[in-house]
$ cat run-v1.csv   # CSV, C-alpha atoms
chain,number,residue,atom,x,y,z
Q,730,MET,CA,-58.6,-9.3,-102.7
Q,731,VAL,CA,-61.6,-7.9,-100.8
Q,732,ALA,CA,-64.7,-7.1,-102.9
Q,733,PHE,CA,-67.7,-5.4,-101.3
Q,734,GLY,CA,-66.4,-6.4,-97.9
Q,735,LEU,CA,-66.1,-10.1,-98.9
Q,736,SER,CA,-62.9,-12.0,-98.7
Q,737,PRO,CA,-61.6,-14.0,-101.7
Q,738,SER,CA,-63.0,-17.2,-100.2
Q,739,GLU,CA,-66.4,-15.6,-99.7
Q,740,VAL,CA,-66.3,-14.3,-103.3
Q,741,ASP,CA,-65.8,-17.9,-104.5
Q,742,GLU,CA,-68.6,-19.1,-102.2
Q,743,VAL,CA,-71.0,-16.6,-103.8
Q,744,LEU,CA,-70.0,-17.7,-107.3
Q,745,VAL,CA,-70.3,-21.4,-106.5
Q,746,TYR,CA,-73.6,-20.7,-104.8
Q,747,PHE,CA,-75.0,-19.1,-107.9
Q,748,ASP,CA,-73.6,-21.7,-110.3
Q,749,CYS,CA,-76.0,-24.2,-108.8
Q,750,PHE,CA,-78.9,-22.3,-110.2
Q,751,ALA,CA,-77.2,-21.2,-113.4
Q,752,LEU,CA,-76.3,-24.7,-114.5
Q,753,SER,CA,-79.3,-26.4,-113.0
Q,754,GLU,CA,-81.8,-28.2,-115.3
Q,755,ARG,CA,-85.0,-26.2,-116.0
Q,756,ASP,CA,-88.4,-27.8,-116.7
Q,757,PRO,CA,-90.2,-25.9,-119.5
Q,758,ASP,CA,-93.5,-26.8,-118.0
Q,759,MET,CA,-92.4,-25.0,-114.9
Q,760,GLN,CA,-90.4,-22.1,-116.2
Q,761,GLY,CA,-91.6,-21.9,-119.8
Q,762,PHE,CA,-92.6,-18.6,-121.4
Q,763,LEU,CA,-96.3,-19.3,-121.5
Q,764,VAL,CA,-96.2,-20.3,-117.9
Q,765,ARG,CA,-94.6,-17.1,-116.9
Q,766,ILE,CA,-96.8,-14.8,-119.0
Q,767,SER,CA,-99.9,-16.6,-117.8
Q,768,ALA,CA,-98.9,-16.1,-114.2
Q,769,LEU,CA,-98.4,-12.4,-114.8
Q,770,ILE,CA,-101.7,-12.0,-116.6
Q,771,VAL,CA,-103.6,-13.9,-114.0
Q,772,ASN,CA,-102.1,-11.9,-111.2
Q,773,ILE,CA,-102.8,-8.5,-112.8
Q,774,CYS,CA,-106.4,-9.5,-113.7
Q,775,LEU,CA,-107.1,-10.7,-110.2
Q,776,ALA,CA,-105.7,-7.5,-108.8
Q,777,ILE,CA,-108.1,-5.5,-111.0
Q,778,LEU,CA,-111.1,-7.7,-110.1
Q,779,ILE,CA,-110.3,-7.4,-106.3
Q,780,LYS,CA,-110.0,-3.7,-106.6
Q,781,TRP,CA,-112.9,-2.8,-108.8
Q,782,SER,CA,-115.3,-5.7,-109.2
Q,783,ASP,CA,-118.2,-5.9,-106.8
Q,784,GLU,CA,-119.2,-9.4,-107.7
Q,785,ASP,CA,-118.0,-12.4,-105.7
Q,786,LEU,CA,-114.7,-10.9,-104.2
Q,787,GLU,CA,-114.1,-14.1,-102.2
Q,788,SER,CA,-113.8,-16.3,-105.3
Q,789,SER,CA,-111.2,-14.0,-106.8
Q,790,VAL,CA,-109.2,-14.0,-103.6
Q,791,GLY,CA,-109.6,-17.8,-103.5
Q,792,VAL,CA,-108.1,-18.2,-106.9
Q,793,VAL,CA,-104.9,-16.5,-105.8
Q,794,PHE,CA,-104.6,-18.9,-102.8
Q,795,VAL,CA,-105.4,-21.9,-104.9
Q,796,GLN,CA,-102.7,-20.9,-107.4
Q,797,VAL,CA,-100.1,-20.2,-104.7
Q,798,TYR,CA,-100.8,-23.3,-102.6
Q,799,ALA,CA,-100.9,-25.6,-105.6
Q,800,ILE,CA,-97.4,-24.4,-106.6
Q,801,LEU,CA,-96.0,-24.6,-103.1
Q,802,LEU,CA,-97.4,-28.0,-102.2
Q,803,ALA,CA,-96.3,-29.5,-105.6
Q,804,THR,CA,-92.8,-28.0,-105.0
Q,805,PHE,CA,-92.6,-29.5,-101.5
Q,806,ILE,CA,-93.8,-33.0,-102.7
Q,807,SER,CA,-91.3,-32.9,-105.6
Q,808,MET,CA,-88.5,-31.8,-103.3
Q,809,ASN,CA,-89.4,-34.6,-100.9
Q,810,ASN,CA,-89.1,-37.1,-103.8
Q,811,LYS,CA,-85.9,-35.4,-105.0
Q,812,SER,CA,-87.5,-34.9,-108.5
Q,813,LEU,CA,-87.2,-31.2,-108.7
Q,814,SER,CA,-84.1,-29.2,-109.8
Q,815,ILE,CA,-82.7,-26.4,-107.7
Q,816,SER,CA,-83.6,-23.9,-110.4
Q,817,ASP,CA,-87.2,-25.0,-110.5
Q,818,SER,CA,-87.6,-24.8,-106.7
Q,819,HIS,CA,-86.0,-21.3,-106.7
Q,820,PHE,CA,-88.4,-20.2,-109.5
Q,821,ALA,CA,-91.4,-21.5,-107.6
Q,822,LEU,CA,-90.5,-19.3,-104.7
Q,823,VAL,CA,-90.2,-16.2,-106.9
Q,824,LEU,CA,-93.4,-17.0,-108.8
Q,825,THR,CA,-95.5,-17.4,-105.7
Q,826,ILE,CA,-94.2,-14.2,-104.0
Q,827,SER,CA,-96.2,-12.0,-106.4
Q,828,PRO,CA,-97.3,-8.4,-105.7
Q,829,LEU,CA,-100.8,-9.5,-105.0
Q,830,ALA,CA,-99.7,-12.2,-102.5
Q,831,VAL,CA,-97.5,-9.7,-100.7
Q,832,TYR,CA,-100.4,-7.3,-100.5
Q,833,PHE,CA,-102.5,-10.1,-98.9
Q,834,VAL,CA,-99.7,-10.4,-96.2
Q,835,PHE,CA,-99.7,-6.7,-95.6
Q,836,ALA,CA,-103.5,-6.5,-95.4
Q,837,SER,CA,-103.7,-9.5,-93.1
Q,838,PHE,CA,-101.2,-8.0,-90.6
Q,839,ARG,CA,-103.2,-4.8,-90.8
Q,840,PHE,CA,-106.4,-6.7,-90.1
Q,841,VAL,CA,-104.9,-8.4,-87.1
Q,842,PHE,CA,-103.1,-5.4,-85.5
Q,843,MET,CA,-105.3,-2.6,-86.7
Q,844,ARG,CA,-108.9,-3.8,-86.4
Q,845,ARG,CA,-110.4,-0.3,-86.4
Q,846,THR,CA,-109.0,0.3,-89.9
Q,847,PRO,CA,-108.6,-3.1,-91.5
Q,848,GLY,CA,-108.0,-1.9,-95.0
Q,849,LEU,CA,-109.9,-2.1,-98.3
Q,850,LEU,CA,-109.6,-5.8,-98.8
Q,851,TYR,CA,-111.0,-6.9,-95.4
Q,852,LEU,CA,-113.7,-4.2,-95.4
Q,853,ARG,CA,-115.0,-5.7,-98.7
Q,854,LEU,CA,-114.8,-9.3,-97.6
Q,855,ALA,CA,-117.7,-10.9,-95.9
Q,856,ARG,CA,-117.2,-11.3,-92.1
Q,857,GLU,CA,-117.3,-15.1,-92.2
Q,858,TYR,CA,-114.4,-15.2,-94.7
Q,859,ARG,CA,-112.1,-12.7,-93.0
Q,860,ALA,CA,-110.6,-15.2,-90.4
Q,861,ILE,CA,-110.2,-17.8,-93.1
Q,862,ILE,CA,-108.3,-15.4,-95.5
Q,863,ALA,CA,-106.1,-14.2,-92.7
Q,864,THR,CA,-105.2,-17.7,-91.5
Q,865,SER,CA,-104.5,-18.8,-95.1
Q,866,THR,CA,-102.2,-15.8,-95.6
Q,867,PHE,CA,-100.1,-16.5,-92.5
Q,868,ILE,CA,-99.8,-20.2,-93.5
Q,869,MET,CA,-98.6,-19.0,-96.9
Q,870,LEU,CA,-96.0,-16.7,-95.3
Q,871,ALA,CA,-94.8,-19.6,-93.2
Q,872,LEU,CA,-94.5,-21.9,-96.3
Q,873,TRP,CA,-92.5,-19.2,-98.1
Q,874,ILE,CA,-90.0,-19.1,-95.2
Q,875,VAL,CA,-89.7,-22.9,-95.0
Q,876,LEU,CA,-89.2,-23.1,-98.8
Q,877,GLN,CA,-86.5,-20.4,-98.6
Q,878,MET,CA,-84.6,-22.3,-95.9
Q,879,LEU,CA,-84.9,-25.6,-97.8
Q,880,VAL,CA,-83.7,-24.1,-101.1
Q,881,TYR,CA,-80.7,-22.3,-99.7
Q,882,PHE,CA,-79.6,-24.3,-96.6
Q,883,ALA,CA,-80.8,-27.9,-97.0
Q,884,ARG,CA,-80.1,-28.7,-100.6
Q,885,ASP,CA,-78.2,-31.9,-99.8
Q,886,HIS,CA,-81.4,-33.4,-98.5
Q,887,VAL,CA,-83.9,-32.3,-101.1
Q,888,PHE,CA,-82.1,-32.4,-104.5
Q,889,ASN,CA,-80.4,-35.1,-106.5
Q,890,MET,CA,-76.6,-35.2,-106.7
Q,891,HIS,CA,-76.7,-35.4,-110.5
Q,892,ASP,CA,-78.2,-32.0,-110.8
Q,893,HIS,CA,-75.0,-30.1,-110.2
Q,894,THR,CA,-75.5,-30.3,-106.4
Q,895,PHE,CA,-71.9,-31.2,-106.0
Q,896,ARG,CA,-71.1,-27.6,-107.0
Q,897,CYS,CA,-73.2,-26.2,-104.3
Q,898,SER,CA,-71.9,-24.9,-101.0
Q,899,ARG,CA,-73.4,-23.4,-97.9
Q,900,PRO,CA,-72.1,-19.9,-97.9
Q,901,THR,CA,-71.8,-17.6,-94.9
Q,902,PHE,CA,-74.7,-15.3,-94.1
Q,903,LYS,CA,-72.8,-12.3,-95.5
Q,904,ALA,CA,-72.1,-14.1,-98.8
Q,905,TRP,CA,-75.7,-15.2,-99.0
Q,906,LEU,CA,-77.0,-11.7,-98.3
Q,907,PHE,CA,-74.7,-10.2,-100.9
Q,908,TYR,CA,-75.9,-12.8,-103.5
Q,909,ARG,CA,-79.5,-11.9,-102.8
Q,910,SER,CA,-78.8,-8.2,-103.1
Q,911,VAL,CA,-77.0,-8.6,-106.5
Q,912,GLU,CA,-79.8,-10.9,-107.7
Q,913,GLY,CA,-82.5,-8.4,-106.6
Q,914,ILE,CA,-80.7,-5.6,-108.5
Q,915,VAL,CA,-80.6,-7.6,-111.6
Q,916,TYR,CA,-84.3,-8.4,-111.3
Q,917,LEU,CA,-85.0,-4.7,-111.7
Q,918,ASN,CA,-83.6,-4.6,-115.3
Q,919,TRP,CA,-87.1,-3.6,-116.6
Q,920,SER,CA,-87.9,-1.0,-114.0
Q,921,TYR,CA,-84.5,0.4,-113.1
Q,922,ILE,CA,-85.5,3.9,-114.3
Q,923,LEU,CA,-88.8,4.0,-112.3
Q,924,VAL,CA,-87.4,2.6,-109.1
Q,925,PRO,CA,-85.5,5.8,-108.1
Q,926,VAL,CA,-88.2,8.0,-109.6
Q,927,VAL,CA,-91.1,6.8,-107.5
Q,928,PRO,CA,-89.4,7.5,-104.1
Q,929,ALA,CA,-88.2,10.9,-105.3
Q,930,LEU,CA,-91.7,11.9,-106.4
Q,931,PHE,CA,-93.2,10.6,-103.1
Q,932,LEU,CA,-90.6,12.6,-101.1
Q,933,VAL,CA,-91.3,15.8,-102.9
Q,934,TYR,CA,-95.1,15.3,-102.6
Q,935,VAL,CA,-94.7,14.7,-98.9
Q,936,LEU,CA,-92.7,17.9,-98.4
Q,937,ARG,CA,-95.2,19.9,-100.4
Q,938,HIS,CA,-98.2,18.5,-98.5
Q,939,VAL,CA,-96.7,18.9,-95.0
Q,940,ALA,CA,-99.6,21.1,-93.9
Q,941,ASP,CA,-102.3,18.7,-95.2
Q,942,ILE,CA,-100.5,15.7,-93.7
Q,943,TRP,CA,-100.4,17.5,-90.3
Q,944,ARG,CA,-104.1,18.3,-90.4
Q,945,GLU,CA,-104.9,14.7,-91.4
Q,946,PHE,CA,-102.6,13.4,-88.7
Q,947,LYS,CA,-104.3,15.5,-86.0
Q,948,ARG,CA,-107.7,14.3,-87.2
Q,949,ARG,CA,-106.7,10.7,-86.9
Q,950,LYS,CA,-105.1,11.2,-83.5
Q,951,GLU,CA,-108.4,12.4,-82.2
Q,952,ARG,CA,-110.0,9.1,-83.1
Q,953,VAL,CA,-107.4,7.0,-81.3
Q,954,VAL,CA,-108.9,5.0,-78.4
Q,955,THR,CA,-106.8,5.2,-75.3
Q,956,TRP,CA,-105.4,1.9,-74.0
Q,957,ARG,CA,-106.1,1.0,-70.3
Q,958,PHE,CA,-102.5,-0.2,-69.9
Q,959,ALA,CA,-99.1,0.2,-71.6
Q,960,ARG,CA,-99.6,3.8,-72.7
Q,961,TRP,CA,-95.9,4.1,-73.2
Q,962,ILE,CA,-96.2,1.6,-76.1
Q,963,GLN,CA,-99.4,3.0,-77.5
Q,964,VAL,CA,-98.2,6.6,-77.9
Q,965,PRO,CA,-95.3,5.9,-80.3
Q,966,TRP,CA,-97.2,3.2,-82.0
Q,967,SER,CA,-100.3,5.3,-82.6
Q,968,CYS,CA,-98.2,8.3,-83.7
Q,969,CYS,CA,-96.3,6.2,-86.3
Q,970,GLN,CA,-99.5,4.5,-87.5
Q,971,CYS,CA,-101.4,7.8,-87.9
Q,972,MET,CA,-98.5,9.6,-89.6
Q,973,LEU,CA,-97.9,6.8,-92.2
Q,974,ALA,CA,-101.6,6.5,-92.9
Q,975,SER,CA,-101.9,10.3,-93.3
Q,976,ILE,CA,-98.9,10.5,-95.6
Q,977,TRP,CA,-100.2,7.8,-97.9
Q,978,LEU,CA,-103.8,9.1,-97.9
Q,979,VAL,CA,-102.9,12.7,-98.7
Q,980,VAL,CA,-100.4,11.8,-101.4
Q,981,THR,CA,-102.6,9.2,-103.2
Q,982,HIS,CA,-105.8,11.2,-102.9
Q,983,SER,CA,-104.2,14.4,-104.1
Q,984,HIS,CA,-102.4,12.7,-107.0
Q,985,PRO,CA,-104.4,9.6,-108.1
Q,986,TRP,CA,-102.0,8.9,-110.9
Q,987,PHE,CA,-99.1,8.3,-108.4
Q,988,PHE,CA,-100.9,5.2,-107.1
Q,989,PHE,CA,-101.0,3.7,-110.5
Q,990,LEU,CA,-97.4,4.5,-111.1
Q,991,VAL,CA,-96.4,2.7,-107.9
Q,992,VAL,CA,-98.5,-0.4,-108.9
Q,993,PHE,CA,-97.1,-0.3,-112.4
Q,994,THR,CA,-93.5,-0.2,-111.1
Q,995,VAL,CA,-94.1,-3.1,-108.7
Q,996,TYR,CA,-95.5,-5.3,-111.4
Q,997,LEU,CA,-92.8,-4.3,-113.8
Q,998,SER,CA,-90.2,-5.4,-111.2
Q,999,TRP,CA,-91.9,-8.7,-110.6
Q,1000,ALA,CA,-92.0,-9.3,-114.4
Q,1001,GLY,CA,-88.3,-8.8,-114.5
Q,1002,ALA,CA,-87.9,-11.2,-111.5
Q,1003,ILE,CA,-89.7,-14.1,-113.4
Q,1004,GLY,CA,-87.7,-13.5,-116.5
Q,1005,MET,CA,-90.3,-12.0,-118.8
Q,1006,PRO,CA,-87.8,-10.1,-121.0
Q,1007,TYR,CA,-86.4,-13.5,-122.0
Q,1008,LEU,CA,-88.0,-16.2,-124.1
Q,1009,SER,CA,-85.7,-18.8,-122.4
Q,1010,MET,CA,-84.9,-18.8,-118.7
Q,1011,THR,CA,-81.4,-20.1,-119.6
Q,1012,LEU,CA,-80.8,-16.8,-121.3
Q,1013,PHE,CA,-82.0,-15.1,-118.1
Q,1014,TYR,CA,-79.7,-17.0,-115.9
Q,1015,ARG,CA,-76.8,-16.4,-118.3
Q,1016,TYR,CA,-77.4,-12.7,-118.1
Q,1017,ILE,CA,-77.4,-12.8,-114.3
Q,1018,SER,CA,-74.4,-15.1,-114.3
Q,1019,ASP,CA,-72.4,-12.8,-116.5
Q,1020,THR,CA,-73.3,-9.8,-114.4
Q,1021,ILE,CA,-72.3,-11.4,-111.1
Q,1022,HIS,CA,-69.0,-12.8,-112.6
Q,1023,PHE,CA,-68.3,-9.4,-114.0
Q,1024,ILE,CA,-68.9,-7.7,-110.6
Q,1025,MET,CA,-66.7,-10.3,-108.9
Q,1026,ASP,CA,-64.0,-9.9,-111.6
Q,1027,ARG,CA,-64.1,-13.5,-112.6
Q,1028,ASP,CA,-64.3,-15.3,-115.9
Q,1029,PRO,CA,-67.9,-15.8,-117.1
Q,1030,LEU,CA,-69.5,-19.2,-116.6
Q,1031,PRO,CA,-69.5,-21.3,-119.8
Q,1032,PHE,CA,-72.9,-22.3,-121.2
Q,1033,ALA,CA,-72.7,-25.1,-123.7
Q,1034,GLU,CA,-75.9,-24.5,-125.7
Q,1035,ASP,CA,-78.0,-21.8,-127.2
Q,1036,PRO,CA,-81.5,-22.3,-125.8
Q,1037,GLU,CA,-83.4,-20.1,-128.1
Q,1038,ASP,CA,-84.6,-22.7,-130.6
Q,1039,ALA,CA,-85.5,-25.2,-127.9
Q,1040,SER,CA,-87.6,-22.6,-126.1
Q,1041,ILE,CA,-89.6,-21.8,-129.2
Q,1042,SER,CA,-90.5,-25.5,-129.6
Q,1043,ASP,CA,-91.2,-25.8,-125.9
Q,1044,ILE,CA,-93.9,-23.1,-126.0
Q,1045,PHE,CA,-96.2,-25.5,-127.8
Q,1046,SER,CA,-95.8,-28.3,-125.2
Q,1047,PHE,CA,-98.8,-29.6,-123.4
Q,1048,GLY,CA,-97.9,-28.2,-120.0
Q,1049,GLN,CA,-97.3,-24.7,-121.3
Q,1050,LEU,CA,-100.5,-24.6,-123.4
Q,1051,LEU,CA,-102.4,-25.8,-120.4
Q,1052,ALA,CA,-100.9,-23.0,-118.3
Q,1053,GLY,CA,-101.7,-20.4,-121.0
Q,1054,ALA,CA,-105.3,-21.5,-121.0
Q,1055,ALA,CA,-105.6,-20.8,-117.3
Q,1056,ALA,CA,-105.4,-17.1,-118.1
Q,1057,LEU,CA,-108.5,-17.0,-120.3
Q,1058,GLN,CA,-111.1,-16.9,-117.5
Q,1059,PRO,CA,-109.5,-14.0,-115.6
Q,1060,LEU,CA,-109.1,-12.1,-118.9
Q,1061,TYR,CA,-112.7,-12.7,-119.8
Q,1062,GLN,CA,-113.8,-11.4,-116.3
Q,1063,VAL,CA,-111.7,-8.3,-116.7
Q,1064,PHE,CA,-113.0,-7.5,-120.2
Q,1065,ARG,CA,-116.6,-8.1,-119.0
Q,1066,LEU,CA,-116.0,-5.7,-116.0
Q,1067,ALA,CA,-114.5,-3.1,-118.4
Q,1068,TRP,CA,-117.6,-3.4,-120.7
Q,1069,LEU,CA,-120.1,-3.1,-117.8
Q,1070,ARG,CA,-118.3,-0.1,-116.4
Q,1071,ARG,CA,-117.2,1.4,-119.7
Q,1072,ALA,CA,-118.6,4.8,-119.0
Q,1073,GLU,CA,-116.7,5.1,-115.7
Q,1074,LEU,CA,-113.6,3.6,-117.3
Q,1075,TRP,CA,-113.6,6.1,-120.2
Q,1076,ASP,CA,-114.2,9.0,-117.8
Q,1077,ASN,CA,-111.1,8.0,-115.8
Q,1078,VAL,CA,-109.0,7.6,-118.9
Q,1079,LYS,CA,-110.0,11.1,-119.9
Q,1080,ARG,CA,-109.1,12.4,-116.5
Q,1081,LEU,CA,-105.7,10.6,-116.3
Q,1082,PRO,CA,-103.8,13.2,-118.5
Q,1083,ARG,CA,-105.2,16.0,-116.3
Q,1084,TRP,CA,-104.2,14.1,-113.1
Q,1085,MET,CA,-100.7,13.6,-114.4
Q,1086,TRP,CA,-100.3,17.2,-115.6
Q,1087,SER,CA,-101.6,18.6,-112.3
Q,1088,GLY,CA,-99.3,16.3,-110.4
Q,1089,LEU,CA,-96.3,17.3,-112.4
Q,1090,VAL,CA,-97.1,21.0,-112.1
Q,1091,TYR,CA,-97.5,20.6,-108.3
Q,1092,PHE,CA,-94.2,18.7,-108.2
Q,1093,PHE,CA,-92.3,21.5,-109.9
Q,1094,VAL,CA,-94.0,24.7,-108.8
Q,1095,GLY,CA,-96.6,23.8,-106.1
Q,1096,GLY,CA,-100.2,24.7,-106.2
Q,1097,ARG,CA,-103.8,23.7,-106.2
Q,1098,ILE,CA,-104.9,20.2,-107.5
Q,1099,HIS,CA,-108.2,19.8,-109.3
Q,1100,GLY,CA,-110.8,17.4,-107.9
Q,1101,SER,CA,-108.8,16.3,-104.8
Q,1102,ARG,CA,-110.3,15.6,-101.4
Q,1103,PHE,CA,-107.5,17.9,-100.1
Q,1104,GLY,CA,-107.8,20.5,-102.8
Q,1105,GLY,CA,-110.3,23.0,-104.0
Q,1106,LYS,CA,-111.6,24.5,-107.3
Q,1107,GLY,CA,-108.6,25.3,-109.3
Q,1108,TRP,CA,-105.0,25.6,-108.1
Q,1109,ARG,CA,-103.0,28.5,-106.9
Q,1110,ARG,CA,-99.4,28.7,-107.8
Q,1111,ARG,CA,-96.7,28.7,-105.2
Q,1112,THR,CA,-99.0,28.3,-102.2
Q,1113,GLY,CA,-97.0,25.4,-100.9
Q,1114,ARG,CA,-100.1,23.5,-99.7
Q,1115,LEU,CA,-103.6,22.4,-100.6
Q,1116,GLU,CA,-106.5,24.3,-99.1
Q,1117,ARG,CA,-110.2,24.5,-99.7
Q,1118,ARG,CA,-111.8,27.7,-101.0
Q,1119,SER,CA,-114.8,29.1,-99.2
$ encode --input "run-v1.csv" --output "structure tokens"
Amino acid sequence: MVAFGLSPSEVDEVLVYFDCFALSERDPDMQGFLVRISALIVNICLAILIKWSDEDLESSVGVVFVQVYAILLATFISMNNKSLSISDSHFALVLTISPLAVYFVFASFRFVFMRRTPGLLYLRLAREYRAIIATSTFIMLALWIVLQMLVYFARDHVFNMHDHTFRCSRPTFKAWLFYRSVEGIVYLNWSYILVPVVPALFLVYVLRHVADIWREFKRRKERVVTWRFARWIQVPWSCCQCMLASIWLVVTHSHPWFFFLVVFTVYLSWAGAIGMPYLSMTLFYRYISDTIHFIMDRDPLPFAEDPEDASISDIFSFGQLLAGAAALQPLYQVFRLAWLRRAELWDNVKRLPRWMWSGLVYFFVGGRIHGSRFGGKGWRRRTGRLERRS
């Protein structure tokens, strides 16, 4: 039998590969419900503070790096001592690759390769901190790659044999890639409706804003500084860079609510990846296991216990309560920021329905968008583009 281009032996490799995680022991102080919800709250709060707070941006960025580096270094030390389960090490990787951390990686690459337009994060950072933040980001990226390789391809050297390691195998690259694809699809169980909607909206907005995007593209091309050498590299690179920047700028400035929809979808997907819909991670892995075995047309993996009661008691353990307390300070800072800027916040809340309505009207019939940098006063139906009135 060949399933999804995999031979029967490769199908068995994928199943055995996943059984390592599904049957592995899970530390409630590592994967407990309070630990996961605290990580989600902290990440969202820090993203809000970095975006809208003008007070001590460097400390908010530093908190993200302290959290990520603490988890990664503790994971490496525990793996070196063979005191960490396969499941816990895999969860540490998923937990640290948060939307905010991924944004840091994108912003750092942009800072290094596009110094004329370094992005919002590095524009707001003090000059003396920019190199430090960029270096810390690239080290974090390297640690992600190393941890990924250790978890998936060097398990015999970093895990104890009693933790179901004897069930593990080193699959082929095709089997490993298929496993990651199926696991990624299952992670989207909270946002499976929004994931196809967001690209569809974006594509329609791009098509309707072709004229505005072209004008913005020409404006950006005029600001490109000509290289003294390797012009054949600069021309396609600058065209691609200016076009992507123009598309994103026009769409997000013309439809501000779309940016929030993208961020909401990303965080909803990450919440599904860290098992937020489930009180117990064993239930989460059972759901993934049943899904993969069903796709592979195999019998489901037997789970001996119902973890629900144990998870409720584990919530009040010392480690989980300590992790939950870590979210109090970011929450306080966000509430304080909301209070200090309550007038602006309330004004944006009142505008949000109009933004969404204008965006939906423009999506279906085209026309003028209120209050947009690329729009004018009022909107004209079926114009097909945004243009300023004289």
$ residues_around --input "run-v1.csv" --residues "range 795-805 of chain Q" --least-positions-apart "3" --cutoff "6 Å" --atoms "only C-alpha atoms" --output "VMD selection string"
chain Q and resid 792 808 825
$ closest_atom_pairs --input "run-v1.csv" --of "range 784-880 of chain Q" --to "range 1011-1025 of chain Q" --cutoff "12 Å" --atoms "only C-alpha atoms" --output "Markdown table"
| residue | atom | partner | partner_atom | distance |
| --- | --- | --- | --- | --- |
| Q:Ser816 | CA | Q:Tyr1014 | CA | 9.6 |
| Q:Asp817 | CA | Q:Thr1011 | CA | 11.9 |
| Q:His819 | CA | Q:Tyr1014 | CA | 12.0 |
| Q:Phe820 | CA | Q:Tyr1014 | CA | 11.3 |
$ closest_residue --input "run-v1.csv" --among "Q:Ser1087, Q:Met1010, Q:Leu822, Q:Trp873" --to "Glu754 in chain Q" --atoms "all atoms listed in the file"
Q:Met1010
$ closest_residue --input "run-v1.csv" --among "Q:Gln1058, Q:Ser788, Q:Asn809, Q:Ser1009" --to "Pro757 in chain Q" --atoms "all atoms listed in the file"
Q:Ser1009
$ residues_near_point --input "run-v1.csv" --point "(-106.4, 10.3, -110.4)" --cutoff "8 Å" --atoms "all atoms listed in the file" --output "PyMOL selection string"
chain Q and resi 982-987+1077+1080-1081+1084-1085
$ closest_residue --input "run-v1.csv" --among "Q:Glu1073, Q:Ala940, Q:Val790, Q:Leu850" --to "Ser865 in chain Q" --atoms "all atoms listed in the file"
Q:Val790
$ atom_distance --input "run-v1.csv" --atom1 "CA of Pro847 in chain Q" --atom2 "CA of Phe835 in chain Q"
10.4 Å
$ residues_near_point --input "run-v1.csv" --point "(-105.8, 13.1, -87.6)" --cutoff "12 Å" --atoms "only C-alpha atoms" --output "PyMOL selection string"
chain Q and resi 940-953+967-976+978-979
$ atom_distance --input "run-v1.csv" --atom1 "CA of Met878 in chain Q" --atom2 "CA of Ala776 in chain Q"
28.8 Å
$ decode --input "run-v1.csv" --residues "range 864-873 of chain Q" --atoms "N, CA, C and O atoms" --output "CSV table (one decimal), in the first residue's frame"
chain,number,residue,atom,x,y,z
Q,864,THR,N,22.0,40.3,17.5
Q,864,THR,CA,22.9,39.1,17.8
Q,864,THR,C,22.1,38.1,18.6
Q,864,THR,O,22.2,36.9,18.4
Q,865,SER,N,21.4,38.5,19.6
Q,865,SER,CA,20.6,37.6,20.5
Q,865,SER,C,19.6,36.8,19.6
Q,865,SER,O,19.3,35.7,19.9
Q,866,THR,N,19.0,37.5,18.7
Q,866,THR,CA,18.0,36.9,17.8
Q,866,THR,C,18.6,35.8,17.0
Q,866,THR,O,18.0,34.7,16.9
Q,867,PHE,N,19.7,36.0,16.4
Q,867,PHE,CA,20.4,35.0,15.5
Q,867,PHE,C,20.9,33.8,16.3
Q,867,PHE,O,20.9,32.7,15.9
Q,868,ILE,N,21.4,34.1,17.5
Q,868,ILE,CA,21.8,33.0,18.4
Q,868,ILE,C,20.5,32.2,18.8
Q,868,ILE,O,20.6,30.9,18.8
Q,869,MET,N,19.4,32.8,19.1
Q,869,MET,CA,18.2,32.1,19.3
Q,869,MET,C,17.8,31.2,18.2
Q,869,MET,O,17.4,30.1,18.3
Q,870,LEU,N,17.9,31.7,16.9
Q,870,LEU,CA,17.6,31.0,15.8
Q,870,LEU,C,18.5,29.7,15.6
Q,870,LEU,O,18.0,28.6,15.3
Q,871,ALA,N,19.7,29.9,15.9
Q,871,ALA,CA,20.7,28.8,15.8
Q,871,ALA,C,20.3,27.7,16.9
Q,871,ALA,O,20.4,26.5,16.6
Q,872,LEU,N,19.9,28.2,18.1
Q,872,LEU,CA,19.6,27.2,19.1
Q,872,LEU,C,18.3,26.4,18.8
Q,872,LEU,O,18.2,25.3,19.1
Q,873,TRP,N,17.4,27.1,18.1
Q,873,TRP,CA,16.2,26.4,17.6
Q,873,TRP,C,16.6,25.3,16.7
Q,873,TRP,O,16.1,24.1,16.8
